[in-house]
Amino acid sequence: MNQHGGGGGFDEPINLPQIKFPKIPGGLVRGGILLVALLILVGTGFYTVGPEQLGIVLRFGKYVRSTDPGLHFKLPLGIESVTKVPVQRQLKQEFGFRTAQAGVRTQYAPGAKYQVEANILTGDLNAAEVEWVVQYRIVDAYKFLFKVRNVESTFRDMTEATMREVVGDRTVNEVLTVGRQEVADLVQQKLQELCVQYDTGIKVEQVVLQDVNPPDAVKPSFNEVNQAQQEKEKAINVAQAEYNQVIPRAKGEAQKTIQQAEGYLLDRVNRARGDSARFASLYESYRHAPEVTRTRMYLETMNTVLPKVGKKLVVDEDIKGLLPLLNLGTGTTALPGTGGKGGN
Amino acid sequence: MRAGILVLAAVVLIVILNAFYVVNEYDQVIITQFGKPVGSVHDHPGLQAKIPFVQKVNRFDKRFLEWDGDPNQLPTKDKRFIYVDTYARWQITDPLLFFQRLRDERGAQTRLDDILDGETRNAIANHELVELIRTTNRTPEQSETIPEDISVLENITFGREQIRQQVLAAAQSRTTDLGIEILDIRFKRINYVEDVEKKVFERMIAERQRIADRFRSEGEGEAARIRGERERELKRIQSEAYRKAQSIVGHADSLSTYIYAQAYNQSPDSRSFYDFMKTMETYENTLDAGTWLLLSTDGEFYRRLKGSGR
């Protein structure tokens, strides 16, 4: 193509005088030709390389040098041509989805046709929808340009094959949950190996799994599993709560019962000791004068008891048969005659 | 005269231009003279010369070239229909042979279609689906939540990589005389066809429901266990407390009885004194305003109402 452009450059100055020679003075024509030639030289001779780029200069198709960012000169008229490769830029390929418009609120292109990319069979012969991004950089511009034709579509093929290989060796649960990072790491590693094998000049910087979902048709049942899991936890929590409501209280109450029994023990023993101590000292004194003490105690008791008693009947021992005549009513009746004086 | 010079110059220019040709970095070139290859194949990039008009330049790419298989619907050995999409990389290794056998890349693509599609078809038909999907016999990582027996990987004997190598080897052996080399073939996509997919989805749904049911019943079971434990624990705590309390009470009673007995049972005298004293106490406690007391003068207390002496 460059060769062709160069040919055009030669054709022009030859054809122009043929047509216009008779009308325009020679000096002006020569000046014009010179000017045009100069413009062509400058226009095809200088080029700029952007800050993220590397310029690859070819002379008649042969690689001669690479140039860093800035303004540079090359041989004009198609002798040298330059290809700029963005070696510093991090490039990105999306799989299973496409960003329609990047921004603060990124918009994604509607994706029925990208679903094919995302749909992957897992090792347990289930299906998962995996969306991922590969970030890469061109590290060897020469290889990138001259070793593989259509590097980018090759790279996409490689990535898809690698992702499917890795996902295909895992269960759907792994891909959806615990194995995500492992999948991404392994794909990155294998893809890098493949890039070296294919001489692509690409370095894989990162593989990021975006959304990993079960297929739409299966999604509700996956949600149901989550729900069931919550229900399970809830049922256990409720039972645990009931347990916690009852058991500590029962433990406290058990403690109370035991403490009460121990209180009873103390009470009984102390009372017994008190009573026996009292009895012991009383008995000690009683022993010195049993008869008189007995009488005294008896009379003292009568003294306190008799005033309290509601009705007192004193019956002569010689009058018999009186008792059945008495209307005793509802009061308590005691017949001290039988136990008037203990020990007799 | 002037026009004649111009025409001559143009002719000379065209001849000169035809005497040179450009070889790109990725070209390999065969020069043919009236269709017959002359000289050897070369891949020296830059500006090269040839005999104008007599010799013709034939370029062949020396880069890795693409081959993208048509997504095909194929049955596996276990009679499952799947879509298989493959890709391959190939290279023109012997341009002269390539030029003779295939002429150009289009010819090569057609031939590759035959070879690679055919070998892929063979490989798919000879292996079960799981062999095509899986690569290794690794043990799947388990998550805490999903029951282990659902998250399992069936054992395989070949695996994706080995089958791929088989296809590659078979294809390579068929391209040796074509001047090309197949560097790599890979299964890009293996997916279920729609009918199968529907069944797979049904199976997945059933499997998930099984997990869900299991969770629910596990929850109920665990809850029942906790309730049972609660009942048992409650009974244990209560009965243990009762046992302890009763034995303490018994101990208290026996201890106090012993103490009383020791105090009151010193001698017959002390026994009779206790009896008397306790009786007195009982009188005090039991007789009140509601009590009628019928006293006989025969008794000790009122005996003196009848007479002061004996």
# chains A, B, ... in the order shown; residues from 1 in each chain; ligands from 1
>>> interface_residues(of="chain A", to="chain B", cutoff="6 Å", atoms="only C-alpha atoms", output="ChimeraX atom specification")
/A:60-62,123-124,146-149,160-161,168-169,218,221,225,228-229,232,235-236,239,243,254,258,261,265,268-269,272,276,305,308-317,331-335,337,342
>>> write_last_selection(atoms="N, CA and C atoms", output="compact mmCIF listing (two decimals), in the first residue's frame")
# COMPACT_ATOMS: atom_id res chain seq x y z
N PHE A 60 10.33 -0.86 4.16
CA PHE A 60 9.86 -1.82 3.15
C PHE A 60 9.45 -3.14 3.81
N GLY A 61 8.70 -3.02 4.89
CA GLY A 61 8.18 -4.23 5.54
C GLY A 61 9.13 -4.88 6.52
N LYS A 62 10.37 -4.42 6.57
CA LYS A 62 11.33 -5.04 7.49
C LYS A 62 11.44 -4.22 8.76
N GLY A 123 -18.01 -29.67 35.96
CA GLY A 123 -17.52 -31.04 36.02
C GLY A 123 -18.57 -32.05 36.44
N ASP A 124 -19.59 -31.60 37.19
CA ASP A 124 -20.65 -32.53 37.56
C ASP A 124 -21.81 -32.45 36.56
N PHE A 146 3.90 -9.72 14.81
CA PHE A 146 4.43 -10.55 13.72
C PHE A 146 4.39 -12.06 13.96
N LYS A 147 3.89 -12.48 15.13
CA LYS A 147 3.94 -13.91 15.38
C LYS A 147 2.59 -14.60 15.20
N VAL A 148 1.54 -13.89 15.48
CA VAL A 148 0.22 -14.49 15.39
C VAL A 148 -0.69 -13.58 14.58
N ARG A 149 -1.40 -14.16 13.64
CA ARG A 149 -2.35 -13.32 12.91
C ARG A 149 -3.63 -13.20 13.72
N GLU A 160 -11.42 -18.42 26.29
CA GLU A 160 -12.65 -19.21 26.46
C GLU A 160 -12.33 -20.68 26.69
N ALA A 161 -11.39 -21.19 25.90
CA ALA A 161 -11.04 -22.60 26.04
C ALA A 161 -10.48 -22.88 27.43
N GLY A 168 -14.74 -26.78 33.87
CA GLY A 168 -15.16 -28.15 33.61
C GLY A 168 -14.57 -29.15 34.59
N ASP A 169 -13.58 -28.71 35.34
CA ASP A 169 -12.96 -29.62 36.29
C ASP A 169 -13.45 -29.37 37.72
N VAL A 218 -32.85 -22.25 36.53
CA VAL A 218 -32.55 -22.99 37.75
C VAL A 218 -32.45 -22.07 38.96
N SER A 221 -34.65 -22.31 42.17
CA SER A 221 -34.41 -23.44 43.08
C SER A 221 -33.13 -23.24 43.88
N VAL A 225 -32.85 -23.08 48.02
CA VAL A 225 -31.86 -23.71 48.90
C VAL A 225 -31.41 -22.72 49.97
N ALA A 228 -34.16 -22.36 52.42
CA ALA A 228 -34.27 -23.54 53.29
C ALA A 228 -33.18 -23.52 54.35
N GLN A 229 -32.03 -23.04 53.93
CA GLN A 229 -30.92 -22.97 54.87
C GLN A 229 -31.24 -22.00 56.01
N LYS A 232 -33.71 -23.56 58.26
CA LYS A 232 -33.04 -24.52 59.14
C LYS A 232 -32.44 -23.79 60.34
N ALA A 235 -35.17 -22.55 62.69
CA ALA A 235 -35.77 -23.60 63.53
C ALA A 235 -34.83 -23.95 64.68
N ILE A 236 -33.55 -24.04 64.36
CA ILE A 236 -32.58 -24.38 65.41
C ILE A 236 -32.50 -23.26 66.44
N ALA A 239 -35.53 -23.33 68.77
CA ALA A 239 -35.42 -24.41 69.76
C ALA A 239 -34.38 -24.05 70.82
N TYR A 243 -34.84 -23.56 74.81
CA TYR A 243 -33.94 -24.24 75.76
C TYR A 243 -33.39 -23.22 76.76
N ALA A 254 -33.80 -25.26 90.98
CA ALA A 254 -33.22 -26.42 91.66
C ALA A 254 -32.33 -25.97 92.80
N ILE A 258 -32.75 -26.81 96.85
CA ILE A 258 -31.68 -27.37 97.66
C ILE A 258 -31.34 -26.43 98.83
N ALA A 261 -33.85 -26.77 101.46
CA ALA A 261 -33.64 -27.99 102.25
C ALA A 261 -32.51 -27.78 103.24
N LEU A 265 -32.49 -27.92 107.21
CA LEU A 265 -31.52 -28.67 108.01
C LEU A 265 -30.98 -27.81 109.15
N ARG A 268 -33.71 -27.12 111.73
CA ARG A 268 -34.00 -28.28 112.58
C ARG A 268 -32.89 -28.52 113.58
N VAL A 269 -31.67 -28.52 113.10
CA VAL A 269 -30.55 -28.84 113.98
C VAL A 269 -30.39 -27.78 115.06
N ALA A 272 -33.14 -28.10 117.49
CA ALA A 272 -32.92 -29.28 118.34
C ALA A 272 -31.87 -28.99 119.40
N SER A 276 -32.57 -28.81 123.24
CA SER A 276 -31.92 -29.73 124.17
C SER A 276 -31.07 -28.98 125.19
N VAL A 305 -53.19 -21.30 131.66
CA VAL A 305 -54.12 -21.98 130.77
C VAL A 305 -55.57 -21.72 131.14
N LYS A 308 -57.71 -18.73 130.00
CA LYS A 308 -57.97 -18.66 128.56
C LYS A 308 -59.16 -19.55 128.16
N VAL A 309 -59.41 -20.55 128.95
CA VAL A 309 -60.43 -21.52 128.57
C VAL A 309 -61.82 -20.90 128.68
N GLY A 310 -62.63 -21.12 127.67
CA GLY A 310 -63.95 -20.50 127.58
C GLY A 310 -64.88 -20.89 128.73
N LYS A 311 -65.17 -22.16 128.90
CA LYS A 311 -66.11 -22.62 129.92
C LYS A 311 -65.43 -23.65 130.79
N LYS A 312 -65.58 -23.50 132.04
CA LYS A 312 -64.99 -24.48 132.96
C LYS A 312 -66.11 -25.05 133.85
N LEU A 313 -66.19 -26.30 133.89
CA LEU A 313 -67.18 -26.94 134.77
C LEU A 313 -66.42 -27.77 135.78
N VAL A 314 -66.68 -27.53 136.97
CA VAL A 314 -66.05 -28.34 138.00
C VAL A 314 -67.11 -29.30 138.53
N VAL A 315 -66.85 -30.58 138.41
CA VAL A 315 -67.86 -31.60 138.75
C VAL A 315 -67.38 -32.41 139.95
N ASP A 316 -68.33 -32.57 140.84
CA ASP A 316 -68.00 -33.39 142.02
C ASP A 316 -67.87 -34.83 141.59
N GLU A 317 -66.90 -35.45 142.14
CA GLU A 317 -66.65 -36.83 141.73
C GLU A 317 -67.79 -37.78 142.10
N GLY A 331 -67.85 -26.41 121.12
CA GLY A 331 -66.52 -26.12 121.69
C GLY A 331 -65.66 -27.35 121.84
N THR A 332 -64.39 -27.12 122.03
CA THR A 332 -63.46 -28.21 122.26
C THR A 332 -63.62 -28.66 123.71
N THR A 333 -63.64 -29.92 123.88
CA THR A 333 -63.78 -30.40 125.25
C THR A 333 -62.52 -31.17 125.63
N ALA A 334 -62.03 -30.80 126.76
CA ALA A 334 -60.87 -31.54 127.24
C ALA A 334 -61.22 -32.13 128.59
N LEU A 335 -60.81 -33.28 128.79
CA LEU A 335 -61.09 -33.92 130.09
C LEU A 335 -59.78 -34.13 130.79
N GLY A 337 -59.14 -34.89 133.54
CA GLY A 337 -59.11 -35.94 134.53
C GLY A 337 -58.19 -37.08 134.17
N GLY A 342 -49.30 -35.47 134.52
CA GLY A 342 -48.53 -36.51 133.87
C GLY A 342 -47.62 -37.24 134.82
>>> select_by_dssp(residues="range 25-265 of chain A", states="strand (DSSP E or B)", output="ChimeraX atom specification")
/A:46-49,54-59,62-67,70-73,80-85,91-95,99-101,107-108,119-121,127-138,148,202-213
>>> write_last_selection(atoms="C-alpha atoms", output="mmCIF file, in the first residue's frame")
data_model
loop_
_atom_site.group_PDB
_atom_site.id
_atom_site.type_symbol
_atom_site.label_atom_id
_atom_site.label_comp_id
_atom_site.auth_asym_id
_atom_site.auth_seq_id
_atom_site.Cartn_x
_atom_site.Cartn_y
_atom_site.Cartn_z
ATOM 1 C CA PHE A 46 7.293 13.003 10.872
ATOM 2 C CA TYR A 47 5.178 11.070 13.280
ATOM 3 C CA THR A 48 4.345 11.134 16.957
ATOM 4 C CA VAL A 49 4.217 8.254 19.374
ATOM 5 C CA LEU A 54 5.684 2.129 21.267
ATOM 6 C CA GLY A 55 6.360 2.898 17.607
ATOM 7 C CA ILE A 56 7.478 -0.012 15.467
ATOM 8 C CA VAL A 57 9.239 1.238 12.329
ATOM 9 C CA LEU A 58 9.352 -0.905 9.215
ATOM 10 C CA ARG A 59 11.440 -0.177 6.162
ATOM 11 C CA LYS A 62 11.335 -5.044 7.492
ATOM 12 C CA TYR A 63 11.515 -4.240 11.148
ATOM 13 C CA VAL A 64 14.279 -1.688 11.728
ATOM 14 C CA ARG A 65 13.694 -0.047 15.098
ATOM 15 C CA SER A 66 11.206 0.784 17.775
ATOM 16 C CA THR A 67 10.712 4.295 19.100
ATOM 17 C CA GLY A 70 7.554 11.730 21.290
ATOM 18 C CA LEU A 71 8.071 13.273 17.843
ATOM 19 C CA HIS A 72 10.168 11.238 15.449
ATOM 20 C CA PHE A 73 11.354 11.248 11.879
ATOM 21 C CA GLU A 80 9.431 3.548 6.195
ATOM 22 C CA SER A 81 6.105 3.021 7.873
ATOM 23 C CA VAL A 82 5.267 3.019 11.542
ATOM 24 C CA THR A 83 2.838 0.928 13.581
ATOM 25 C CA LYS A 84 1.994 2.136 17.055
ATOM 26 C CA VAL A 85 1.378 -0.458 19.730
ATOM 27 C CA LEU A 91 -6.232 -3.757 27.830
ATOM 28 C CA LYS A 92 -9.373 -5.605 28.660
ATOM 29 C CA GLN A 93 -11.568 -8.267 27.118
ATOM 30 C CA GLU A 94 -15.037 -9.047 28.396
ATOM 31 C CA PHE A 95 -16.638 -12.438 28.238
ATOM 32 C CA THR A 99 -19.989 -2.863 28.578
ATOM 33 C CA ALA A 100 -22.089 -0.615 26.365
ATOM 34 C CA GLN A 101 -21.085 2.605 27.992
ATOM 35 C CA GLN A 107 -24.363 0.338 31.246
ATOM 36 C CA TYR A 108 -24.208 -3.170 29.913
ATOM 37 C CA ASN A 119 -22.753 -20.704 29.440
ATOM 38 C CA ILE A 120 -20.273 -23.279 30.726
ATOM 39 C CA LEU A 121 -20.635 -26.917 31.694
ATOM 40 C CA ALA A 127 -24.446 -25.622 33.815
ATOM 41 C CA ALA A 128 -23.293 -22.293 35.142
ATOM 42 C CA GLU A 129 -23.235 -18.818 33.698
ATOM 43 C CA VAL A 130 -19.864 -17.252 34.174
ATOM 44 C CA GLU A 131 -19.039 -13.693 33.237
ATOM 45 C CA TRP A 132 -15.443 -12.662 33.394
ATOM 46 C CA VAL A 133 -12.894 -10.087 32.388
ATOM 47 C CA VAL A 134 -9.305 -10.537 31.347
ATOM 48 C CA GLN A 135 -6.899 -7.684 31.793
ATOM 49 C CA TYR A 136 -3.697 -7.892 29.828
ATOM 50 C CA ARG A 137 -0.824 -5.920 28.469
ATOM 51 C CA ILE A 138 1.257 -6.164 25.319
ATOM 52 C CA VAL A 148 0.216 -14.495 15.393
ATOM 53 C CA ILE A 202 0.765 -10.709 25.738
ATOM 54 C CA LYS A 203 1.082 -10.752 29.504
ATOM 55 C CA VAL A 204 -2.084 -11.664 31.372
ATOM 56 C CA GLU A 205 -2.367 -9.282 34.281
ATOM 57 C CA GLN A 206 -5.535 -10.475 35.881
ATOM 58 C CA VAL A 207 -8.543 -12.673 35.346
ATOM 59 C CA VAL A 208 -11.577 -11.468 37.264
ATOM 60 C CA LEU A 209 -14.730 -13.479 37.614
ATOM 61 C CA GLN A 210 -17.680 -11.125 37.564
ATOM 62 C CA ASP A 211 -21.129 -12.617 37.989
ATOM 63 C CA VAL A 212 -21.235 -16.354 38.383
ATOM 64 C CA ASN A 213 -24.804 -17.576 38.399
#
>>> closest_residue(among="A:Arg273, A:Ile33, A:Ala141, A:Thr301", to="Gln53 in chain A", atoms="only C-alpha atoms")
A:Ala141
>>> closest_residue(among="A:Phe155, A:Arg30, A:Ala217, A:Asn173", to="Leu191 in chain A", atoms="only C-alpha atoms")
A:Phe155
